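**Q** Shown below is the structure under consideration.
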Amino acid sequence: MTVKEIFETMDYGPAPESSKEALAWLASKGDFGHFIGGAWTAPGTLFAVMNPATDTLLAQVTQGTQADVDAAVKAARKAQPAWAKDGHARAKVLYALARILQKQSRLFAVLETLDNGKPIRESRDIDVPQAVRHFYYHAGMAQIMADELPDRQALGVCGQVIPWNFPLLMLAWKIAPALAMGNTVVLKPAEWTPLTALLFADICNQAGVPPGVVNIVTGDGEVGEMIVTADVDKVAFTGSTGVGRRIRELTAGTGKALSLELGGKGPYIVFEDADIDSAVEGVVDAIWFNQGQVCCAGSRLLVQEGIADVFYTKLKARMSGLRIGDPLDKCIDIGAIVHPRQQARIRDMLAAHPEGETFQTTAPDGCYFPPTLITGLAPASPLMQQEIFGPVLVATTFRTPVEAVEIANSTRYGLAASVWSENINLALDVAPKLVAGIVWVNGTNMMDAAAGFGGVRESGFGREGGWEGLTGYTKPVAAPAKTRSIAAHTGDGGAGGLDRTAKLYIGGKQARPDSGYSRAVYGPKGALLGHTSLASRKDLRNAVEACNAAKGWAKSSGHLRAQILYYMAENLSARATEFATRLKSLTGSDGTAEVEASISRLFSAAAWADKYDGQVHDVPIRGVALAMKEPVGTIGILCPDDAPLLGLISAMAPAIAMGNRVILAASQPFPLIATDLYQVLDTSDLPGGVVNILTGDHGDLADPMARHMDIDAVWSFADPALAKGIEVAAAGNLKRTWCGALDWSRDNTKAILPHATEVKNIWIPYGA
């Protein structure tokens with residue numbers, strides 16, 4: 001037999017990992033209660049936790065109740081003030097957690113594989129080391145918080161709900177930053193995979209975590225909902241888009257901070273100049289890692305037409321060599337599906353959509369699903385649009401880079417994407433155009449605690465990891481301002497001189513309202529000052545279309561945007577006396593200071609337009625992760641009633657400085673100051689559609705603004721009673737919302753900029 005024949009015919013022998021220690025630990029614990037206030041509760045009503053690979057019982061775990069959740073929140077609330085006081089003390093505890101995780105890494109890895117069904121190589125080499133990394137990294141964040149974030153403080157108690165696909169890693173992603181910033185947590189692991197969370201609870205006492213700082217409550221989705229509706233200050237959720245939408249609705253109007261890391265349908269784009277063999281290996285990692293049960297999986301393969309046949313041939317050959325079987329075998333590539341219900345979901349979804357050409361390998365009996373490739377699909381196919389969450393890769397082809405970007409972005413998701421090309425110019429041209437929170441160039445599934453992870457669109461909002469991830473676990477030290485709703489002045493309807501009805505401002509032009517209605521505006525002594533148009537949902541639609549036509553604003557340089565903001569300040573300054581007089585006629589107060597402050601805010605936004613930079617994250621690869629700050633898109637803003645000019649400009653200027661387009665609903669009682677602003681905008685070289693101004697009732701505009709699928713964020717500084725309705729309506733496409741108040745006498749420009757940007761991390765590896 002020749003050497004060639006040996007290599008072609010030899011097979012891998014079994015390399016089983018022992019489960020003895022993990023099973024012994026489970027046996028020693030018996031039936032599990034919850035971990036509350038640093039101690040284990042007595043077991044209650046139990047449910048079974050099964051090994052999906054063998055369908056054998058691993059443990060019995062307690063189903064949480066409302067009383068359990070209340071007790072956990074109470075313990076966390078009691079522990080939080082003392083925990084938040086000393087960053088160095090927190091750093092020592094987080095470091096201790098990292099060290100114990102390292103020392104117990106094999107136990108955690110084996111237990112994770114038993115519980116979840118993923119291959120031991122993945123648990124051992126990826127999940128546990130990444131969890132350790134997060135605790136090390138955030139130990140450092142706790143140490144330097146006082147110096148680097150002096151104006152930020154802990155939120156309080158964080159309710160956290162994590163999924164079943166990465167049970168330990170998701171726990172680390174949630175708990176480490178929360179604890180680092182001085183919060184305490186109540187965490188619910190997934191019903192199917194709670195065991196490594198319970199092992200983590202066990203090591204909390206070893207690491208010196210004070211009682212009540214970490215609380216683990218187990219159970220089904222009802223327990224998760226109890227945590228969401230409990231007296232917590234923040235809800236952090238990773239899971240399906242449907243559940244995320246429900247959480248957005250449940251938290252609406254409560255003032256709770258919220259971060260959602262949801263589903264995805266990541267494009268994996270292979271250009272004809274790519275290293276095909278490397279790209280094939282990348283596909284294996286992108287879709288068959290963790291059995292495809294990954295929200296950022298590269299589950300949509302987009303191959304340039306000229307290499308499609310060659311690529312598919314090589315990919316099928318590579319698929320045929322994938323080993324599927326016992327997850328505890330270190331030679332296995334693909335393990336078990338997490339649960340029979342998930343296996344049935346994958347199978348049923350493929351059966352319901354028998355499209356394209358299917359290539360499938362084989363799988364053992366039991367809770368397994370074979371690696372599957374479906375080619376020849378149209379971009380609009382349900383299999384190309386809906387998250388399958390299994391080892392199924394769907395594919396289509398493209399001809400040009402422009403077409404690749406269009407297909408990649410033609411989905412409701414926006415979590416992750418991969419670009420494969422040996423032409424760095426092409427790769428870096430395409431990457432910023434992809435609607436995704438993270439883009440990998442010639443790689444996939446690269447993640448680190450130093451680089452934020454999270455999505456846009458219906459993949460959620462908020463980030464996990466890095467400096468940007470910490471923002472969601474802190475709040476300003478300064479006491480929050482309060483929104484003031486002001487009633488409009490009334491009069492007898494008498495007109496002085498010629499009547500004037502101010503129009504709306506849409507697409508750079510004045511426009512009559514679609515409703516045909518207007519409202520009289522009176523001064524504080526009852527004098528009629530004029531009429532303003534009453535905007536309707538059709539006017540809002542027209543404003544959105546104008547914003548869409550002005551998308552080029554996002555591509556303009558920060559320098560250009562700064563110049564235009566300076567021009568606006570210059571033109572407002574030239575008419576300062578006129579605007580001050582108008583403010584006095586509307587409000588009865590001298591408007592000079594408000595006009596001067598408005599000019600100052602325009603200067604501040606112009607100053608930041610080309611200085612609010614991204615970062616180059618130090619990640620443990622031979623390469624860099626570029627954190628790019630991109631505009632959110634179209635932002636609807638309900639302007640405050642008080643400070644009718646200053647509030648409008650203070651919100652508008654930072655938004656457009658970052659490249660956004662805005663639709664402003666002017667101060668409800670004092671709208672004429674906003675309509676006077678039209679001429680300032682017209683004479684400042686501002687492209688039409690970047691700023692659109694509507695007048696009318698905030699209540700009539702808030703709901704359609706929040707529901708509109710082409711509006712990417714809504715900020716409301718108007719009546720607080722509108723907040724709940726806005727946040728419920730925004731759940732439709734999971735747009736970002738910001739409902740609150742600001743002290744308009746202060747320059748809040750820098751504080752507004754994070755709300756006006758999305759962070760996209762682009763990972764770029766170096767050469768060999």
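Each chain in the structure tokens gets a letter, A, B, ..., in the order shown, and its residues are numbered from 1; ligands are numbered from 1 in order too.
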Would you mind listing what lies within 7 Å of stretch 348-358 of chain A as a PDB file with N, CA and C atoms, in the first residue's frame, with only C-alpha atoms counted and same-chain residues fewer than 3 positions away left out?
**A**
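Below is the file result-v5.pdb, written as the result:
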```pdb
ATOM      1  N   ALA A 344     -36.889  18.865  15.032  1.00  0.00           N
ATOM      2  CA  ALA A 344     -38.138  18.810  14.275  1.00  0.00           C
ATOM      3  C   ALA A 344     -38.414  20.131  13.564  1.00  0.00           C
ATOM      4  N   ARG A 345     -38.053  21.233  14.212  1.00  0.00           N
ATOM      5  CA  ARG A 345     -38.261  22.549  13.602  1.00  0.00           C
ATOM      6  C   ARG A 345     -37.444  22.681  12.323  1.00  0.00           C
ATOM      7  N   LEU A 373     -26.715  21.438   2.102  1.00  0.00           N
ATOM      8  CA  LEU A 373     -26.479  22.566   1.198  1.00  0.00           C
ATOM      9  C   LEU A 373     -27.626  22.622   0.200  1.00  0.00           C
ATOM     10  N   ILE A 374     -28.264  23.783   0.098  1.00  0.00           N
ATOM     11  CA  ILE A 374     -29.347  23.978  -0.869  1.00  0.00           C
ATOM     12  C   ILE A 374     -28.942  25.113  -1.797  1.00  0.00           C
ATOM     13  N   THR A 375     -28.756  24.802  -3.079  1.00  0.00           N
ATOM     14  CA  THR A 375     -28.308  25.786  -4.065  1.00  0.00           C
ATOM     15  C   THR A 375     -29.446  26.154  -4.998  1.00  0.00           C
ATOM     16  N   GLY A 376     -29.170  27.188  -5.812  1.00  0.00           N
ATOM     17  CA  GLY A 376     -30.143  27.585  -6.832  1.00  0.00           C
ATOM     18  C   GLY A 376     -31.354  28.297  -6.296  1.00  0.00           C
ATOM     19  N   LEU A 377     -31.241  28.923  -5.145  1.00  0.00           N
ATOM     20  CA  LEU A 377     -32.382  29.621  -4.556  1.00  0.00           C
ATOM     21  C   LEU A 377     -32.441  31.072  -5.019  1.00  0.00           C
TER      22      LEU A 377
END
```
**Q** Using only C-alpha atoms, determine which residues lie at most 10 Å from A:Thr41, disregarding the query and same-chain residues fewer than 4 positions distant; provide the list as a list in words.
**A**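 Once the adjacent positions are removed, what remains is Phe32, Gly33, His34, Phe35, Ile36, Gly37, Thr62, Asp68 and Val217 of chain A.
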**Q** Have a look at atom CA of A:Val680 and atom CA of A:Leu638 and let me know their distance in Å, one decimal.
**A**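 Between these atoms lies a distance of 20.3 Å.
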**Q** Write down as a ChimeraX atom specification the residues belonging to stretch 476-715 of chain A that are assigned helix (DSSP H, G or I) by DSSP computed on the backbone.
**A** /A:537-549,551-555,558-574,576-587,592-609,646-657,672-676,678-682,698-707
**Q** For A:Gly87, find every residue with an atom within 12 Å (counting only C-alpha atoms), except residues of its own chain fewer than 2 positions away, and show them as a ChimeraX atom specification.
**A** /A:82-85,89-94,138-150,153-154,179-183
**Q** I want to know what sits within 7 Å of stretch 48-58 of chain A, based on only C-alpha atoms, with residues of the same chain fewer than 4 positions away left out; could you give that as a VMD selection string?
**A** chain A and resid 114 to 117 192 326 336 to 339 367
**Q** Residues at most 9 Å from A:Gln304, counting only C-alpha atoms, excluding those fewer than 6 positions away in the same chain, as JSON, numbers by chain?
**A** {"A": [269, 270, 271, 272, 396, 397, 398, 399, 400, 401, 404]}
**Q** Produce a file of the selected residues containing N, CA and C atoms, as a PDB file, in the first residue's frame.
**A**
```
ATOM      1  N   ILE A 269     -20.183  36.116   1.562  1.00  0.00           N
ATOM      2  CA  ILE A 269     -19.991  36.573   0.187  1.00  0.00           C
ATOM      3  C   ILE A 269     -18.612  36.143  -0.309  1.00  0.00           C
ATOM      4  N   VAL A 270     -18.596  35.382  -1.391  1.00  0.00           N
ATOM      5  CA  VAL A 270     -17.337  34.891  -1.958  1.00  0.00           C
ATOM      6  C   VAL A 270     -17.174  35.474  -3.359  1.00  0.00           C
ATOM      7  N   PHE A 271     -16.166  36.335  -3.523  1.00  0.00           N
ATOM      8  CA  PHE A 271     -15.878  36.912  -4.829  1.00  0.00           C
ATOM      9  C   PHE A 271     -14.971  35.980  -5.627  1.00  0.00           C
ATOM     10  N   GLU A 272     -14.941  36.176  -6.940  1.00  0.00           N
ATOM     11  CA  GLU A 272     -14.231  35.251  -7.816  1.00  0.00           C
ATOM     12  C   GLU A 272     -12.722  35.284  -7.617  1.00  0.00           C
ATOM     13  N   THR A 396     -27.047  31.194  -3.282  1.00  0.00           N
ATOM     14  CA  THR A 396     -27.419  31.794  -4.549  1.00  0.00           C
ATOM     15  C   THR A 396     -26.169  32.415  -5.146  1.00  0.00           C
ATOM     16  N   THR A 397     -26.292  32.944  -6.348  1.00  0.00           N
ATOM     17  CA  THR A 397     -25.134  33.536  -7.015  1.00  0.00           C
ATOM     18  C   THR A 397     -25.381  35.012  -7.296  1.00  0.00           C
ATOM     19  N   PHE A 398     -24.293  35.719  -7.607  1.00  0.00           N
ATOM     20  CA  PHE A 398     -24.373  37.123  -7.994  1.00  0.00           C
ATOM     21  C   PHE A 398     -23.335  37.371  -9.087  1.00  0.00           C
ATOM     22  N   ARG A 399     -23.464  38.498  -9.761  1.00  0.00           N
ATOM     23  CA  ARG A 399     -22.536  38.820 -10.851  1.00  0.00           C
ATOM     24  C   ARG A 399     -21.568  39.942 -10.491  1.00  0.00           C
ATOM     25  N   THR A 400     -22.072  40.997  -9.847  1.00  0.00           N
ATOM     26  CA  THR A 400     -21.241  42.174  -9.574  1.00  0.00           C
ATOM     27  C   THR A 400     -21.227  42.481  -8.082  1.00  0.00           C
ATOM     28  N   PRO A 401     -20.236  43.254  -7.628  1.00  0.00           N
ATOM     29  CA  PRO A 401     -20.230  43.659  -6.221  1.00  0.00           C
ATOM     30  C   PRO A 401     -21.490  44.413  -5.805  1.00  0.00           C
ATOM     31  N   ALA A 404     -24.089  41.900  -5.187  1.00  0.00           N
ATOM     32  CA  ALA A 404     -23.799  41.162  -3.954  1.00  0.00           C
ATOM     33  C   ALA A 404     -24.277  41.934  -2.735  1.00  0.00           C
TER      34      ALA A 404
END
```
**Q** Determine the nearest neighbour of A:Ala172 from the options A:Ala230, A:Ala487, A:Leu97, A:Ile752, counting only C-alpha atoms.
**A**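 Closest to A:Ala172, using only C-alpha atoms: A:Leu97.
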